[in-house]
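Student: Let me give you the structure first, and then I'll get to my questions.
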Amino acid sequence: MVTYIIKRLIAAVMLLFVVSIATFAIFFLVPRLAGMSADDLASRYVGKAANAEIIHDTAVRLGFYDPLVVQYGRFVKGIFLGVDRNYGPGVEHCPAPCLGYSYVTQNPVLPDLLDRLPVTLSLASGAVVIWVVFGVATGVVSALRRGSFFDRMSMGVALAGVSLPIFFTGIVSLAIFRDKLGLVGDVADWVPIEEDPLTWANNLILPWVTLAFLYAASYARITRAGMLETMGEDYIRTARAKGLPEKAVVMKHGLRATLTPLVTMLGLDLGLLLGGAVLTESTFSLPGLGKYAVDAIGHNDLPQVMGVTLFAAAFIVVANLIVDLLYAVVDPRVRLG
């Protein structure tokens, strides 16, 4: 197992290396291939009234005249060794791991990402508990009561949850529960959990439920389909014939065999959310990684985009590794293999 984990970690590092090259090429190489010069790139980060001299000086300061290999090498060096930045009056050192400085705010990227990470973690952790509990429970009950009114109603709601975009359900929920009924506070007022747990939960309950509604629908449908297939297997009939309680048959034998695809989905979904719930955070104006990514793209701030991309890729790689390790817990056949 230790050897397997080490191999996966090495593969993860290589994958992040490939992701960094691809992202760097998209934002630095492709514009050059499209005919943009170094001054054209620099013109995005100066005022509209800037003259050609200011644009040229900005391009030189940002290193746009350097060969692309040198620019990428500088980025990689910053991650492992740190980098020095000449901001005019002096030189500032960004210690490793350094993801560079924002072209717009001039702030180091990594501290900005770490400041916004608790918001995204809070959003993802609360939502995942809600959608796993309600999604799996709904799928199990629907499978056990196949064809009943509850089955048809829950699958209809699940179909609506999968179909409706989150920015629609988010805006509708804000209009009803915050603006009209006043049941929740201002979602945009982020309060850390260590300062006021009740206000933290009250401000996040609406994003949690809205996000969970989207994901719980998929989990309910997958669980129902898996349970319907599993409960007809021979070993389920054998377990019942041996006199096992129905609860043990359903939970220990039926649901456990259905968990493998759910674990896979959960790992990927959680990894994507930790990389930034873009639509949810933008809809509710939460200052997390997702909204940070949207703002970075809107400002063409390449270091910020690179930082968010690497963060998201790292979360997905780690989530996949955890999922592979959980397979051995959920399915004993994996351990035997």
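Letters for chains follow the order of the structure tokens (A, B, ...), residue numbers begin at 1 for each chain, and ligand numbers begin at 1 in the order shown.
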Using only C-alpha atoms, which residues sit within 8 Å of region 169-178 of chain A once same-chain residues fewer than 4 positions away are excluded, as a list of chain:residue names?
Tutor: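 My list of contacting residues is A:Leu164, A:Pro165, A:Gly182, A:Leu183, A:Val184, A:Gly185, A:Asp186, A:Leu206, A:Pro207, A:Thr210, A:Thr280, A:Thr283, A:Phe284.
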Student: At a cut-off of 10 Å, using only C-alpha atoms, what residues contact His299 (chain A)? Leave out same-chain residues fewer than 5 positions from it and give the result as a PyMOL selection string.
Tutor: chain A and resi 44-45+103-104+293-294+304-305
Student: Return the single residue from A:Ala50, A:Met231, A:Ala241, A:Leu270 that is closest to His253 (chain A), with distances computed using only C-alpha atoms.
Tutor: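 So, comparing all the options, the nearest one is A:Met231.
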Student: Choose the residue, out of A:Pro303, A:Gly147, A:Gly35, A:Gly275, that has the smallest atom-to-atom separation from Val119 (chain A); count only C-alpha atoms.
Tutor: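 The answer is A:Gly275, which sits nearest to Val119 (chain A).
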Student: Identify, with DSSP run on backbone atoms, the residues in region 21-111 of chain A assigned to helix (DSSP H, G or I), and express the list as a PyMOL selection string.
Tutor: chain A and resi 21-33+38-45+52-61+68-81+109-111
Student: So the first atom is CA of Phe75 (chain A) and the second is CA of Cys98 (chain A); what is the distance between them in Å, to one decimal place?
Tutor: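 Computed distance, CA of Phe75 (chain A) to CA of Cys98 (chain A), equals 8.2 Å.
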Student: Calculate how many Å separate CA of Phe134 (chain A) from CA of Ala313 (chain A), rounding to one decimal.
Tutor: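 Separation between CA of Phe134 (chain A) and CA of Ala313 (chain A): 28.2 Å.
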Student: Go through A:Ile54, A:Ile21, A:Ala160, A:Val187 one by one, measure the shortest atom-to-atom distance of each to Ser282 (chain A) using only C-alpha atoms, and give the residue with the smallest value.
Tutor: A:Val187
Student: For Leu33 (chain A), which of A:Leu68, A:Leu144, A:Ala319, A:Ala59 is the closest residue, counting only C-alpha atoms?
Tutor: A:Leu68
Student: Please, what distance in Å, to one decimal, runs between CA of Met251 (chain A) and CA of Arg146 (chain A)?
Tutor: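 So the two atoms, CA of Met251 (chain A) and CA of Arg146 (chain A), lie 17.2 Å apart.
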Student: With only C-alpha atoms as the basis for distance, which of A:Asp151, A:Ala38, A:Val278, A:Phe311 is at the shortest distance from Ala52 (chain A)?
Tutor: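 When distances to Ala52 (chain A) are compared using only C-alpha atoms, the smallest one comes from A:Ala38.
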Student: Quick one: of A:Ile55, A:Gly288, A:Leu110, A:Ala42, who's nearest to Gly82 (chain A), counting only C-alpha atoms?
Tutor: A:Leu110
Student: Identify, with DSSP run on backbone atoms, the residues in region 73-160 of chain A assigned to strand (DSSP E), and express the list as a list of chain:residue names.
Tutor: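 Going through region 73-160 of chain A, the strand (DSSP E) residues come out as A:Val83, A:Asp84, A:Arg85, A:Asn86, A:Val91, A:Glu92, A:His93, A:Cys94.
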Student: Just N, CA and C atoms for this one: save the residues we selected as a PDB file, in the first residue's frame.
Tutor:
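What landed in out01.pdb:
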ATOM      1  N   VAL A  83      10.878  33.651  -5.582  1.00  0.00           N
ATOM      2  CA  VAL A  83      11.260  34.565  -6.656  1.00  0.00           C
ATOM      3  C   VAL A  83      11.338  35.985  -6.106  1.00  0.00           C
ATOM      4  N   ASP A  84      12.210  36.792  -6.709  1.00  0.00           N
ATOM      5  CA  ASP A  84      12.333  38.209  -6.355  1.00  0.00           C
ATOM      6  C   ASP A  84      11.568  39.046  -7.366  1.00  0.00           C
ATOM      7  N   ARG A  85      10.852  40.047  -6.879  1.00  0.00           N
ATOM      8  CA  ARG A  85      10.078  40.922  -7.757  1.00  0.00           C
ATOM      9  C   ARG A  85      10.554  42.353  -7.599  1.00  0.00           C
ATOM     10  N   ASN A  86      10.866  42.952  -8.720  1.00  0.00           N
ATOM     11  CA  ASN A  86      11.264  44.358  -8.738  1.00  0.00           C
ATOM     12  C   ASN A  86      10.017  45.206  -8.979  1.00  0.00           C
ATOM     13  N   VAL A  91      13.082  45.756  -4.178  1.00  0.00           N
ATOM     14  CA  VAL A  91      12.903  44.357  -4.582  1.00  0.00           C
ATOM     15  C   VAL A  91      12.226  43.606  -3.438  1.00  0.00           C
ATOM     16  N   GLU A  92      11.198  42.843  -3.770  1.00  0.00           N
ATOM     17  CA  GLU A  92      10.455  42.062  -2.780  1.00  0.00           C
ATOM     18  C   GLU A  92      10.643  40.583  -3.071  1.00  0.00           C
ATOM     19  N   HIS A  93      10.901  39.806  -2.034  1.00  0.00           N
ATOM     20  CA  HIS A  93      11.102  38.370  -2.195  1.00  0.00           C
ATOM     21  C   HIS A  93       9.829  37.638  -1.837  1.00  0.00           C
ATOM     22  N   CYS A  94       9.399  36.756  -2.736  1.00  0.00           N
ATOM     23  CA  CYS A  94       8.238  35.894  -2.503  1.00  0.00           C
ATOM     24  C   CYS A  94       8.765  34.500  -2.185  1.00  0.00           C
TER      25      CYS A  94
END
Student: What lies within 12 Å of Val13 (chain A) using only C-alpha atoms, ignoring chain neighbours under 3 positions off, as a PyMOL selection string?
Tutor: chain A and resi 6-10+16-20+310+313-314+317-318
Student: Show me, as a JSON list (two decimals) with N, CA, C and O atoms, in the first residue's frame, the residues that have an atom within 12 Å of Ala201 (chain A) when counting only C-alpha atoms, minus same-chain residues fewer than 6 positions from it.
Tutor:
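Contents of the output file result13.json:
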[["chain", "number", "residue", "atom", "x", "y", "z"],
["A", 119, "VAL", "N", -13.54, 29.88, 2.80],
["A", 119, "VAL", "CA", -14.91, 30.09, 2.30],
["A", 119, "VAL", "C", -15.34, 28.90, 1.45],
["A", 119, "VAL", "O", -16.43, 28.35, 1.63],
["A", 122, "SER", "N", -15.79, 25.78, 3.62],
["A", 122, "SER", "CA", -17.05, 25.83, 4.36],
["A", 122, "SER", "C", -18.23, 25.51, 3.47],
["A", 122, "SER", "O", -19.14, 24.75, 3.85],
["A", 123, "LEU", "N", -18.25, 26.07, 2.27],
["A", 123, "LEU", "CA", -19.34, 25.81, 1.34],
["A", 123, "LEU", "C", -19.38, 24.34, 0.94],
["A", 123, "LEU", "O", -20.45, 23.70, 0.95],
["A", 125, "SER", "N", -17.95, 21.62, 2.41],
["A", 125, "SER", "CA", -18.15, 20.65, 3.50],
["A", 125, "SER", "C", -19.61, 20.58, 3.93],
["A", 125, "SER", "O", -20.14, 19.48, 4.17],
["A", 126, "GLY", "N", -20.26, 21.72, 4.06],
["A", 126, "GLY", "CA", -21.67, 21.70, 4.46],
["A", 126, "GLY", "C", -22.56, 21.11, 3.40],
["A", 126, "GLY", "O", -23.46, 20.31, 3.69],
["A", 127, "ALA", "N", -22.30, 21.46, 2.13],
["A", 127, "ALA", "CA", -23.14, 20.96, 1.04],
["A", 127, "ALA", "C", -22.97, 19.45, 0.87],
["A", 127, "ALA", "O", -23.95, 18.74, 0.60],
["A", 184, "VAL", "N", -33.07, 33.86, 6.30],
["A", 184, "VAL", "CA", -31.62, 33.77, 6.35],
["A", 184, "VAL", "C", -31.02, 35.17, 6.26],
["A", 184, "VAL", "O", -31.67, 36.11, 5.79],
["A", 185, "GLY", "N", -29.77, 35.29, 6.70],
["A", 185, "GLY", "CA", -29.09, 36.57, 6.65],
["A", 185, "GLY", "C", -28.51, 36.86, 5.27],
["A", 185, "GLY", "O", -28.76, 36.13, 4.30],
["A", 186, "ASP", "N", -27.73, 37.92, 5.21],
["A", 186, "ASP", "CA", -27.09, 38.29, 3.96],
["A", 186, "ASP", "C", -25.97, 37.30, 3.68],
["A", 186, "ASP", "O", -24.97, 37.26, 4.40],
["A", 187, "VAL", "N", -26.15, 36.51, 2.64],
["A", 187, "VAL", "CA", -25.20, 35.45, 2.33],
["A", 187, "VAL", "C", -23.82, 36.01, 2.04],
["A", 187, "VAL", "O", -22.79, 35.39, 2.35],
["A", 189, "ASP", "N", -22.25, 38.31, 3.46],
["A", 189, "ASP", "CA", -21.51, 38.69, 4.67],
["A", 189, "ASP", "C", -20.82, 37.46, 5.24],
["A", 189, "ASP", "O", -21.37, 36.76, 6.10],
["A", 190, "TRP", "N", -19.61, 37.20, 4.75],
["A", 190, "TRP", "CA", -18.87, 36.03, 5.21],
["A", 190, "TRP", "C", -18.36, 36.23, 6.62],
["A", 190, "TRP", "O", -17.70, 37.23, 6.93],
["A", 191, "VAL", "N", -18.66, 35.28, 7.50],
["A", 191, "VAL", "CA", -18.20, 35.30, 8.88],
["A", 191, "VAL", "C", -17.50, 33.98, 9.15],
["A", 191, "VAL", "O", -18.11, 32.91, 9.00],
["A", 192, "PRO", "N", -16.22, 33.98, 9.54],
["A", 192, "PRO", "CA", -15.52, 32.71, 9.82],
["A", 192, "PRO", "C", -16.19, 31.96, 10.96],
["A", 192, "PRO", "O", -16.77, 32.56, 11.87],
["A", 193, "ILE", "N", -16.10, 30.65, 10.92],
["A", 193, "ILE", "CA", -16.76, 29.81, 11.91],
["A", 193, "ILE", "C", -16.18, 30.02, 13.30],
["A", 193, "ILE", "O", -16.90, 29.93, 14.31],
["A", 194, "GLU", "N", -14.89, 30.35, 13.39],
["A", 194, "GLU", "CA", -14.29, 30.55, 14.71],
["A", 194, "GLU", "C", -14.75, 31.84, 15.38],
["A", 194, "GLU", "O", -14.66, 31.97, 16.59],
["A", 195, "GLU", "N", -15.27, 32.78, 14.60],
["A", 195, "GLU", "CA", -15.76, 34.03, 15.18],
["A", 195, "GLU", "C", -17.19, 33.89, 15.69],
["A", 195, "GLU", "O", -17.52, 34.35, 16.78],
["A", 207, "PRO", "N", -26.75, 28.69, 0.43],
["A", 207, "PRO", "CA", -25.85, 28.10, -0.56],
["A", 207, "PRO", "C", -25.68, 26.59, -0.39],
["A", 207, "PRO", "O", -25.58, 25.86, -1.39],
["A", 208, "TRP", "N", -25.64, 26.12, 0.86],
["A", 208, "TRP", "CA", -25.52, 24.67, 1.09],
["A", 208, "TRP", "C", -26.69, 23.92, 0.45],
["A", 208, "TRP", "O", -26.50, 22.97, -0.29],
["A", 209, "VAL", "N", -27.90, 24.36, 0.76],
["A", 209, "VAL", "CA", -29.09, 23.66, 0.28],
["A", 209, "VAL", "C", -29.19, 23.77, -1.24],
["A", 209, "VAL", "O", -29.53, 22.80, -1.93]]
